[in-house]
file start_31.txt (compact mmCIF, N, CA and C atoms)
# COMPACT_ATOMS: atom_id res chain seq x y z
N ARG A 1 -50.69 -33.54 30.48
CA ARG A 1 -51.62 -32.43 30.32
C ARG A 1 -51.55 -31.85 28.92
N THR A 2 -50.34 -31.81 28.39
CA THR A 2 -50.17 -31.26 27.05
C THR A 2 -51.02 -32.03 26.05
N VAL A 3 -50.98 -33.35 26.13
CA VAL A 3 -51.73 -34.18 25.18
C VAL A 3 -53.21 -34.15 25.52
N ARG A 4 -53.56 -34.33 26.78
CA ARG A 4 -54.96 -34.38 27.18
C ARG A 4 -55.71 -33.10 26.84
N LYS A 5 -55.04 -31.97 27.05
CA LYS A 5 -55.70 -30.67 26.81
C LYS A 5 -55.37 -30.11 25.43
N ASP A 6 -54.62 -30.89 24.66
CA ASP A 6 -54.23 -30.50 23.30
C ASP A 6 -53.59 -29.10 23.29
N LEU A 7 -52.61 -28.91 24.18
CA LEU A 7 -51.93 -27.63 24.30
C LEU A 7 -50.79 -27.53 23.30
N SER A 8 -50.48 -26.30 22.93
CA SER A 8 -49.30 -26.09 22.08
C SER A 8 -48.47 -24.98 22.71
N TYR A 9 -47.16 -25.12 22.62
CA TYR A 9 -46.24 -24.19 23.26
C TYR A 9 -45.32 -23.58 22.21
N ALA A 10 -44.72 -22.46 22.60
CA ALA A 10 -43.71 -21.83 21.74
C ALA A 10 -42.44 -21.65 22.55
N CYS A 11 -41.30 -21.89 21.92
CA CYS A 11 -40.02 -21.70 22.59
C CYS A 11 -39.59 -20.25 22.43
N ARG A 12 -39.10 -19.65 23.49
CA ARG A 12 -38.65 -18.26 23.46
C ARG A 12 -37.21 -18.15 22.97
N GLU A 13 -36.54 -19.27 22.90
CA GLU A 13 -35.14 -19.27 22.47
C GLU A 13 -35.05 -19.83 21.05
N GLU A 14 -34.16 -20.77 20.83
CA GLU A 14 -33.93 -21.32 19.49
C GLU A 14 -34.34 -22.79 19.39
N LYS A 15 -35.27 -23.20 20.22
CA LYS A 15 -35.79 -24.58 20.25
C LYS A 15 -34.70 -25.61 20.57
N ASN A 16 -33.76 -25.22 21.40
CA ASN A 16 -32.73 -26.15 21.86
C ASN A 16 -32.36 -25.89 23.33
N CYS A 17 -33.38 -25.62 24.14
CA CYS A 17 -33.16 -25.34 25.56
C CYS A 17 -32.68 -26.60 26.27
N ILE A 18 -31.88 -26.40 27.31
CA ILE A 18 -31.41 -27.53 28.12
C ILE A 18 -32.57 -27.98 29.01
N ILE A 19 -32.87 -29.27 28.92
CA ILE A 19 -33.93 -29.85 29.76
C ILE A 19 -33.28 -30.87 30.68
N ASP A 20 -33.14 -30.51 31.93
CA ASP A 20 -32.62 -31.42 32.94
C ASP A 20 -33.45 -31.24 34.20
N LYS A 21 -33.05 -31.92 35.25
CA LYS A 21 -33.84 -31.91 36.48
C LYS A 21 -34.04 -30.49 37.03
N ARG A 22 -33.01 -29.67 36.96
CA ARG A 22 -33.11 -28.32 37.53
C ARG A 22 -33.82 -27.33 36.62
N GLN A 23 -33.71 -27.52 35.30
CA GLN A 23 -34.21 -26.51 34.37
C GLN A 23 -35.41 -26.98 33.55
N ARG A 24 -36.02 -28.07 33.93
CA ARG A 24 -37.07 -28.66 33.11
C ARG A 24 -38.31 -27.79 32.97
N ASN A 25 -38.54 -26.90 33.90
CA ASN A 25 -39.76 -26.08 33.85
C ASN A 25 -39.56 -24.74 33.13
N ARG A 26 -38.39 -24.50 32.61
CA ARG A 26 -38.12 -23.21 31.96
C ARG A 26 -38.76 -23.09 30.58
N CYS A 27 -38.82 -24.20 29.85
CA CYS A 27 -39.38 -24.14 28.50
C CYS A 27 -40.27 -25.36 28.25
N GLN A 28 -41.56 -25.14 28.24
CA GLN A 28 -42.50 -26.25 28.06
C GLN A 28 -42.41 -26.84 26.65
N TYR A 29 -42.14 -26.00 25.67
CA TYR A 29 -42.03 -26.50 24.30
C TYR A 29 -40.89 -27.51 24.18
N CYS A 30 -39.71 -27.12 24.64
CA CYS A 30 -38.54 -28.00 24.54
C CYS A 30 -38.70 -29.25 25.42
N ARG A 31 -39.35 -29.10 26.55
CA ARG A 31 -39.58 -30.26 27.42
C ARG A 31 -40.49 -31.27 26.72
N TYR A 32 -41.55 -30.79 26.13
CA TYR A 32 -42.48 -31.68 25.42
C TYR A 32 -41.78 -32.33 24.22
N GLN A 33 -41.01 -31.56 23.49
CA GLN A 33 -40.28 -32.11 22.34
C GLN A 33 -39.29 -33.19 22.79
N LYS A 34 -38.64 -32.96 23.94
CA LYS A 34 -37.71 -33.97 24.45
C LYS A 34 -38.46 -35.25 24.80
N CYS A 35 -39.64 -35.11 25.38
CA CYS A 35 -40.45 -36.30 25.70
C CYS A 35 -40.75 -37.09 24.43
N LEU A 36 -41.16 -36.40 23.38
CA LEU A 36 -41.47 -37.06 22.11
C LEU A 36 -40.21 -37.70 21.51
N ASN A 37 -39.08 -36.98 21.57
CA ASN A 37 -37.83 -37.51 21.02
C ASN A 37 -37.33 -38.73 21.79
N MET A 38 -37.67 -38.80 23.07
CA MET A 38 -37.23 -39.94 23.89
C MET A 38 -38.15 -41.15 23.71
N GLY A 39 -39.23 -40.99 22.94
CA GLY A 39 -40.07 -42.14 22.63
C GLY A 39 -41.48 -42.08 23.18
N MET A 40 -41.86 -41.01 23.83
CA MET A 40 -43.23 -40.91 24.33
C MET A 40 -44.20 -40.87 23.15
N LYS A 41 -45.28 -41.60 23.25
CA LYS A 41 -46.29 -41.63 22.19
C LYS A 41 -47.54 -40.88 22.67
N ARG A 42 -48.01 -39.99 21.83
CA ARG A 42 -49.23 -39.25 22.18
C ARG A 42 -50.40 -40.20 22.43
N GLU A 43 -50.45 -41.28 21.67
CA GLU A 43 -51.56 -42.23 21.76
C GLU A 43 -51.55 -43.01 23.08
N ALA A 44 -50.39 -43.07 23.72
CA ALA A 44 -50.26 -43.88 24.93
C ALA A 44 -50.63 -43.11 26.20
N VAL A 45 -50.93 -41.84 26.07
CA VAL A 45 -51.25 -41.03 27.24
C VAL A 45 -52.59 -41.48 27.80
N GLN A 46 -52.64 -41.72 29.10
CA GLN A 46 -53.85 -42.20 29.76
C GLN A 46 -54.80 -41.05 30.05
N GLU A 47 -56.04 -41.42 30.33
CA GLU A 47 -57.03 -40.43 30.72
C GLU A 47 -56.61 -39.83 32.06
N GLU A 48 -57.16 -38.67 32.38
CA GLU A 48 -56.81 -38.01 33.63
C GLU A 48 -57.22 -38.87 34.81
N ARG A 49 -56.36 -38.93 35.81
CA ARG A 49 -56.64 -39.72 37.01
C ARG A 49 -57.75 -39.07 37.81
N GLN A 50 -58.32 -39.88 38.72
CA GLN A 50 -59.35 -39.37 39.61
C GLN A 50 -58.75 -38.28 40.48
N ARG A 51 -59.47 -37.21 40.66
CA ARG A 51 -58.97 -36.11 41.47
C ARG A 51 -58.76 -36.57 42.90
N THR A 52 -57.73 -36.02 43.56
CA THR A 52 -57.38 -36.49 44.90
C THR A 52 -58.50 -36.26 45.90
N LYS A 53 -59.25 -35.19 45.77
CA LYS A 53 -60.35 -34.93 46.71
C LYS A 53 -61.39 -36.05 46.62
N ASP A 54 -61.75 -36.44 45.38
CA ASP A 54 -62.71 -37.51 45.20
C ASP A 54 -62.16 -38.82 45.74
N ARG A 55 -60.89 -39.10 45.47
CA ARG A 55 -60.27 -40.35 45.91
C ARG A 55 -60.21 -40.41 47.42
N ASP A 56 -59.83 -39.30 48.07
CA ASP A 56 -59.75 -39.28 49.53
C ASP A 56 -61.12 -39.56 50.15
N THR A 57 -62.17 -38.99 49.58
CA THR A 57 -63.52 -39.20 50.10
C THR A 57 -63.92 -40.66 49.99
N SER A 58 -63.63 -41.28 48.83
CA SER A 58 -64.02 -42.68 48.66
C SER A 58 -63.22 -43.58 49.58
N GLU A 59 -61.95 -43.25 49.85
CA GLU A 59 -61.15 -44.05 50.76
C GLU A 59 -61.71 -43.98 52.17
N VAL A 60 -62.15 -42.79 52.59
CA VAL A 60 -62.73 -42.63 53.92
C VAL A 60 -64.01 -43.44 54.02
N GLU A 61 -64.84 -43.41 52.97
CA GLU A 61 -66.09 -44.16 52.99
C GLU A 61 -65.83 -45.65 53.10
N SER A 62 -64.86 -46.17 52.34
CA SER A 62 -64.60 -47.60 52.39
C SER A 62 -64.04 -48.00 53.74
N THR A 63 -63.22 -47.15 54.36
CA THR A 63 -62.69 -47.44 55.68
C THR A 63 -63.82 -47.43 56.71
N SER A 64 -64.73 -46.48 56.58
CA SER A 64 -65.86 -46.41 57.51
C SER A 64 -66.72 -47.65 57.40
N ASN A 65 -66.95 -48.12 56.18
CA ASN A 65 -67.74 -49.33 55.99
C ASN A 65 -67.06 -50.52 56.64
N MET A 66 -65.74 -50.59 56.53
CA MET A 66 -64.99 -51.70 57.11
C MET A 66 -65.12 -51.67 58.63
N GLN A 67 -65.05 -50.46 59.22
CA GLN A 67 -65.17 -50.36 60.66
C GLN A 67 -66.57 -50.74 61.11
N ALA A 68 -67.58 -50.41 60.30
CA ALA A 68 -68.94 -50.79 60.64
C ALA A 68 -69.10 -52.30 60.61
N ASP A 69 -68.40 -52.96 59.68
CA ASP A 69 -68.47 -54.41 59.58
C ASP A 69 -67.69 -55.10 60.70
N MET A 70 -66.71 -54.41 61.28
CA MET A 70 -65.86 -55.02 62.29
C MET A 70 -65.71 -54.07 63.48
N PRO A 71 -66.76 -53.94 64.27
CA PRO A 71 -66.67 -53.04 65.42
C PRO A 71 -65.67 -53.55 66.45
N LEU A 72 -65.09 -52.63 67.16
CA LEU A 72 -64.10 -52.94 68.18
C LEU A 72 -64.69 -53.87 69.24
N GLU A 73 -65.96 -53.72 69.50
CA GLU A 73 -66.60 -54.56 70.52
C GLU A 73 -66.50 -56.04 70.16
N ARG A 74 -66.60 -56.37 68.87
CA ARG A 74 -66.52 -57.77 68.44
C ARG A 74 -65.12 -58.32 68.68
N ILE A 75 -64.11 -57.50 68.50
CA ILE A 75 -62.73 -57.95 68.72
C ILE A 75 -62.48 -58.15 70.21
N ILE A 76 -62.97 -57.22 71.02
CA ILE A 76 -62.82 -57.35 72.48
C ILE A 76 -63.58 -58.58 72.98
N GLU A 77 -64.76 -58.80 72.42
CA GLU A 77 -65.55 -59.97 72.79
C GLU A 77 -64.78 -61.26 72.46
N ALA A 78 -64.14 -61.29 71.32
CA ALA A 78 -63.34 -62.46 70.92
C ALA A 78 -62.21 -62.68 71.92
N GLU A 79 -61.59 -61.59 72.36
CA GLU A 79 -60.50 -61.68 73.34
C GLU A 79 -61.00 -62.30 74.64
N LYS A 80 -62.16 -61.85 75.11
CA LYS A 80 -62.70 -62.36 76.37
C LYS A 80 -63.09 -63.83 76.27
N ARG A 81 -63.58 -64.23 75.10
CA ARG A 81 -64.04 -65.61 74.93
C ARG A 81 -62.90 -66.61 74.97
N VAL A 82 -61.70 -66.20 74.62
CA VAL A 82 -60.59 -67.15 74.63
C VAL A 82 -59.68 -66.99 75.84
N GLU A 83 -59.99 -66.03 76.71
CA GLU A 83 -59.16 -65.87 77.90
C GLU A 83 -59.19 -67.15 78.71
N CYS A 84 -58.06 -67.45 79.26
CA CYS A 84 -57.93 -68.71 80.00
C CYS A 84 -57.28 -68.43 81.34
N ASN A 85 -57.71 -69.14 82.35
CA ASN A 85 -57.13 -68.97 83.68
C ASN A 85 -56.11 -70.05 83.98
N ASP A 86 -55.62 -70.71 82.97
CA ASP A 86 -54.62 -71.76 83.13
C ASP A 86 -53.32 -71.14 83.65
N PRO A 87 -52.83 -71.59 84.80
CA PRO A 87 -51.60 -71.00 85.36
C PRO A 87 -50.39 -71.22 84.46
N LEU A 88 -50.43 -72.24 83.64
CA LEU A 88 -49.29 -72.51 82.77
C LEU A 88 -49.16 -71.44 81.69
N VAL A 89 -50.30 -70.90 81.24
CA VAL A 89 -50.27 -69.87 80.20
C VAL A 89 -49.67 -68.59 80.75
N ALA A 90 -49.98 -68.27 82.00
CA ALA A 90 -49.46 -67.06 82.64
C ALA A 90 -48.16 -67.38 83.37
N LEU A 91 -47.36 -68.19 82.78
CA LEU A 91 -46.13 -68.68 83.39
C LEU A 91 -45.14 -67.55 83.64
N VAL A 92 -44.63 -67.50 84.85
CA VAL A 92 -43.57 -66.56 85.18
C VAL A 92 -42.26 -67.33 85.12
N VAL A 93 -41.38 -66.86 84.26
CA VAL A 93 -40.12 -67.58 84.06
C VAL A 93 -39.14 -67.20 85.16
N ASN A 94 -38.61 -68.22 85.82
CA ASN A 94 -37.55 -68.02 86.81
C ASN A 94 -36.56 -69.17 86.68
N GLU A 95 -35.64 -69.27 87.63
CA GLU A 95 -34.59 -70.30 87.52
C GLU A 95 -35.13 -71.72 87.65
N ASN A 96 -36.34 -71.89 88.20
CA ASN A 96 -36.92 -73.22 88.35
C ASN A 96 -37.78 -73.65 87.15
N THR A 97 -37.98 -72.75 86.22
CA THR A 97 -38.81 -73.05 85.06
C THR A 97 -38.05 -73.95 84.10
N THR A 98 -38.72 -75.00 83.67
CA THR A 98 -38.07 -75.92 82.73
C THR A 98 -38.40 -75.52 81.29
N VAL A 99 -37.59 -75.98 80.38
CA VAL A 99 -37.83 -75.73 78.96
C VAL A 99 -39.17 -76.33 78.56
N ASN A 100 -39.48 -77.48 79.13
CA ASN A 100 -40.75 -78.14 78.83
C ASN A 100 -41.93 -77.26 79.23
N ASN A 101 -41.85 -76.62 80.41
CA ASN A 101 -42.92 -75.73 80.86
C ASN A 101 -43.09 -74.54 79.91
N ILE A 102 -41.98 -73.98 79.47
CA ILE A 102 -42.03 -72.85 78.55
C ILE A 102 -42.67 -73.27 77.23
N CYS A 103 -42.30 -74.44 76.73
CA CYS A 103 -42.87 -74.95 75.47
C CYS A 103 -44.37 -75.19 75.60
N GLN A 104 -44.78 -75.77 76.73
CA GLN A 104 -46.21 -76.02 76.95
C GLN A 104 -46.99 -74.71 77.01
N ALA A 105 -46.45 -73.73 77.71
CA ALA A 105 -47.13 -72.43 77.84
C ALA A 105 -47.24 -71.75 76.47
N THR A 106 -46.17 -71.79 75.71
CA THR A 106 -46.18 -71.19 74.37
C THR A 106 -47.18 -71.90 73.47
N ASN A 107 -47.21 -73.21 73.55
CA ASN A 107 -48.15 -73.99 72.75
C ASN A 107 -49.59 -73.60 73.06
N LYS A 108 -49.91 -73.46 74.34
CA LYS A 108 -51.27 -73.07 74.74
C LYS A 108 -51.60 -71.65 74.28
N GLN A 109 -50.62 -70.76 74.38
CA GLN A 109 -50.85 -69.38 73.94
C GLN A 109 -51.10 -69.32 72.43
N LEU A 110 -50.34 -70.09 71.68
CA LEU A 110 -50.55 -70.11 70.23
C LEU A 110 -51.92 -70.69 69.88
N PHE A 111 -52.32 -71.71 70.60
CA PHE A 111 -53.65 -72.29 70.39
C PHE A 111 -54.73 -71.24 70.67
N GLN A 112 -54.58 -70.51 71.77
CA GLN A 112 -55.54 -69.46 72.11
C GLN A 112 -55.55 -68.37 71.04
N LEU A 113 -54.39 -68.05 70.51
CA LEU A 113 -54.29 -67.03 69.47
C LEU A 113 -55.09 -67.45 68.23
N VAL A 114 -54.96 -68.69 67.84
CA VAL A 114 -55.70 -69.19 66.67
C VAL A 114 -57.20 -69.15 66.96
N GLN A 115 -57.60 -69.56 68.17
CA GLN A 115 -59.02 -69.52 68.54
C GLN A 115 -59.54 -68.09 68.48
N TRP A 116 -58.75 -67.15 68.98
CA TRP A 116 -59.13 -65.74 68.97
C TRP A 116 -59.29 -65.24 67.54
N ALA A 117 -58.33 -65.56 66.68
CA ALA A 117 -58.38 -65.11 65.29
C ALA A 117 -59.64 -65.62 64.59
N LYS A 118 -60.04 -66.84 64.91
CA LYS A 118 -61.24 -67.41 64.29
C LYS A 118 -62.51 -66.66 64.69
N LEU A 119 -62.47 -65.96 65.81
CA LEU A 119 -63.63 -65.20 66.27
C LEU A 119 -63.66 -63.77 65.72
N ILE A 120 -62.59 -63.35 65.07
CA ILE A 120 -62.53 -62.00 64.49
C ILE A 120 -63.38 -61.99 63.22
N PRO A 121 -64.27 -61.00 63.09
CA PRO A 121 -65.10 -60.94 61.89
C PRO A 121 -64.24 -60.93 60.62
N HIS A 122 -64.66 -61.65 59.63
CA HIS A 122 -64.04 -61.73 58.29
C HIS A 122 -62.77 -62.57 58.24
N PHE A 123 -62.17 -62.91 59.36
CA PHE A 123 -60.92 -63.68 59.31
C PHE A 123 -61.16 -65.05 58.69
N THR A 124 -62.21 -65.72 59.12
CA THR A 124 -62.46 -67.07 58.60
C THR A 124 -62.97 -67.06 57.16
N SER A 125 -63.38 -65.90 56.67
CA SER A 125 -63.80 -65.84 55.26
C SER A 125 -62.60 -65.71 54.32
N LEU A 126 -61.42 -65.45 54.89
CA LEU A 126 -60.20 -65.41 54.07
C LEU A 126 -59.81 -66.83 53.68
N PRO A 127 -59.11 -66.98 52.57
CA PRO A 127 -58.59 -68.32 52.23
C PRO A 127 -57.69 -68.82 53.35
N LEU A 128 -57.69 -70.13 53.56
CA LEU A 128 -56.90 -70.72 54.64
C LEU A 128 -55.43 -70.34 54.53
N SER A 129 -54.91 -70.29 53.31
CA SER A 129 -53.50 -69.93 53.13
C SER A 129 -53.22 -68.51 53.63
N ASP A 130 -54.18 -67.59 53.43
CA ASP A 130 -54.02 -66.22 53.92
C ASP A 130 -54.11 -66.16 55.45
N GLN A 131 -55.01 -66.97 56.01
CA GLN A 131 -55.13 -67.02 57.47
C GLN A 131 -53.81 -67.48 58.08
N VAL A 132 -53.25 -68.54 57.52
CA VAL A 132 -51.98 -69.07 58.02
C VAL A 132 -50.88 -68.03 57.86
N LEU A 133 -50.85 -67.37 56.72
CA LEU A 133 -49.83 -66.36 56.46
C LEU A 133 -49.91 -65.22 57.48
N LEU A 134 -51.12 -64.75 57.75
CA LEU A 134 -51.30 -63.67 58.72
C LEU A 134 -50.87 -64.09 60.13
N LEU A 135 -51.25 -65.29 60.52
CA LEU A 135 -50.88 -65.77 61.86
C LEU A 135 -49.38 -65.98 61.97
N ARG A 136 -48.77 -66.53 60.93
CA ARG A 136 -47.32 -66.73 60.97
C ARG A 136 -46.57 -65.40 61.02
N ALA A 137 -47.10 -64.41 60.31
CA ALA A 137 -46.42 -63.11 60.26
C ALA A 137 -46.58 -62.33 61.56
N GLY A 138 -47.67 -62.55 62.29
CA GLY A 138 -47.93 -61.70 63.44
C GLY A 138 -48.01 -62.38 64.78
N TRP A 139 -47.78 -63.69 64.85
CA TRP A 139 -47.97 -64.39 66.12
C TRP A 139 -47.11 -63.83 67.24
N ASN A 140 -45.86 -63.49 66.93
CA ASN A 140 -44.96 -63.03 68.00
C ASN A 140 -45.39 -61.68 68.56
N GLU A 141 -45.91 -60.80 67.72
CA GLU A 141 -46.38 -59.50 68.21
C GLU A 141 -47.72 -59.63 68.93
N LEU A 142 -48.54 -60.55 68.48
CA LEU A 142 -49.85 -60.73 69.10
C LEU A 142 -49.76 -61.36 70.48
N LEU A 143 -48.68 -62.07 70.77
CA LEU A 143 -48.54 -62.71 72.07
C LEU A 143 -47.92 -61.80 73.12
N ILE A 144 -47.47 -60.66 72.72
CA ILE A 144 -46.81 -59.75 73.68
C ILE A 144 -47.84 -59.15 74.61
call {"tool": "encode", "arguments": {"input": "start_31.txt", "output": "structure tokens"}}
result
Amino acid sequence: RTVRKDLSYACREEKNCIIDKRQRNRCQYCRYQKCLNMGMKREAVQEERQRTKDRDTSEVESTSNMQADMPLERIIEAEKRVECNDPLVALVVNENTTVNNICQATNKQLFQLVQWAKLIPHFTSLPLSDQVLLLRAGWNELLI
């Protein structure tokens, strides 16, 4: 702010105030001088950032647009389209369940998960590497 608004300060003491974490706001002149002495360049100061009110509004607008592009109904529809009545997928594990049965059920569930993801708006427009990354990162939570 000092540089952007071209402010000048005066020290009330002898221009050697202690500037540390607790006392940094006591003397603006000495604080600014310490910044310059530590290597801050006036020329390197950036323009003022976007005000938070403006930024918050634009974030809400972009989120709203995303929701309009991907309504919840489309996701639910994708879920219904891949639902399967295969008894192996809805496997209840007990003492008679074999490892092979569990592997087959998991395999089918993972296949259904991939089919479901392909029906989600915008998912298939992502690069294949990103699609794989997302599925690998979330498959275990998505199957719960």
call {"tool": "closest_residue", "arguments": {"input": "start_31.txt", "among": "A:Ile120, A:Asn100, A:Gln28, A:Asn107", "to": "A:Glu79", "atoms": "only N, CA and C atoms"}}
result
A:Ile120
call {"tool": "residues_around", "arguments": {"input": "start_31.txt", "residues": "stretch 35-41 of chain A", "least_positions_apart": "2", "cutoff": "12 Å", "atoms": "only C-alpha atoms", "output": "list in words"}}
result
Thr2, Val3, Ile19, Asp20, Arg24, Gln28, Tyr29, Cys30, Arg31, Tyr32, Gln33, Glu43, Ala44, Val45 and Gln46 of chain A
call {"tool": "atom_distance", "arguments": {"input": "start_31.txt", "atom1": "atom N of A:Lys108", "atom2": "atom C of A:Pro127"}}
result
22.9 Å
call {"tool": "atom_distance", "arguments": {"input": "start_31.txt", "atom1": "atom C of A:Arg81", "atom2": "atom CA of A:Thr97"}}
result
26.9 Å
call {"tool": "closest_residue", "arguments": {"input": "start_31.txt", "among": "A:Arg1, A:Lys21, A:Lys80, A:Lys34", "to": "A:Trp116", "atoms": "all atoms listed in the file"}}
result
A:Lys80
call {"tool": "atom_distance", "arguments": {"input": "start_31.txt", "atom1": "atom CA of A:Cys27", "atom2": "atom N of A:Glu47"}}
result
24.1 Å
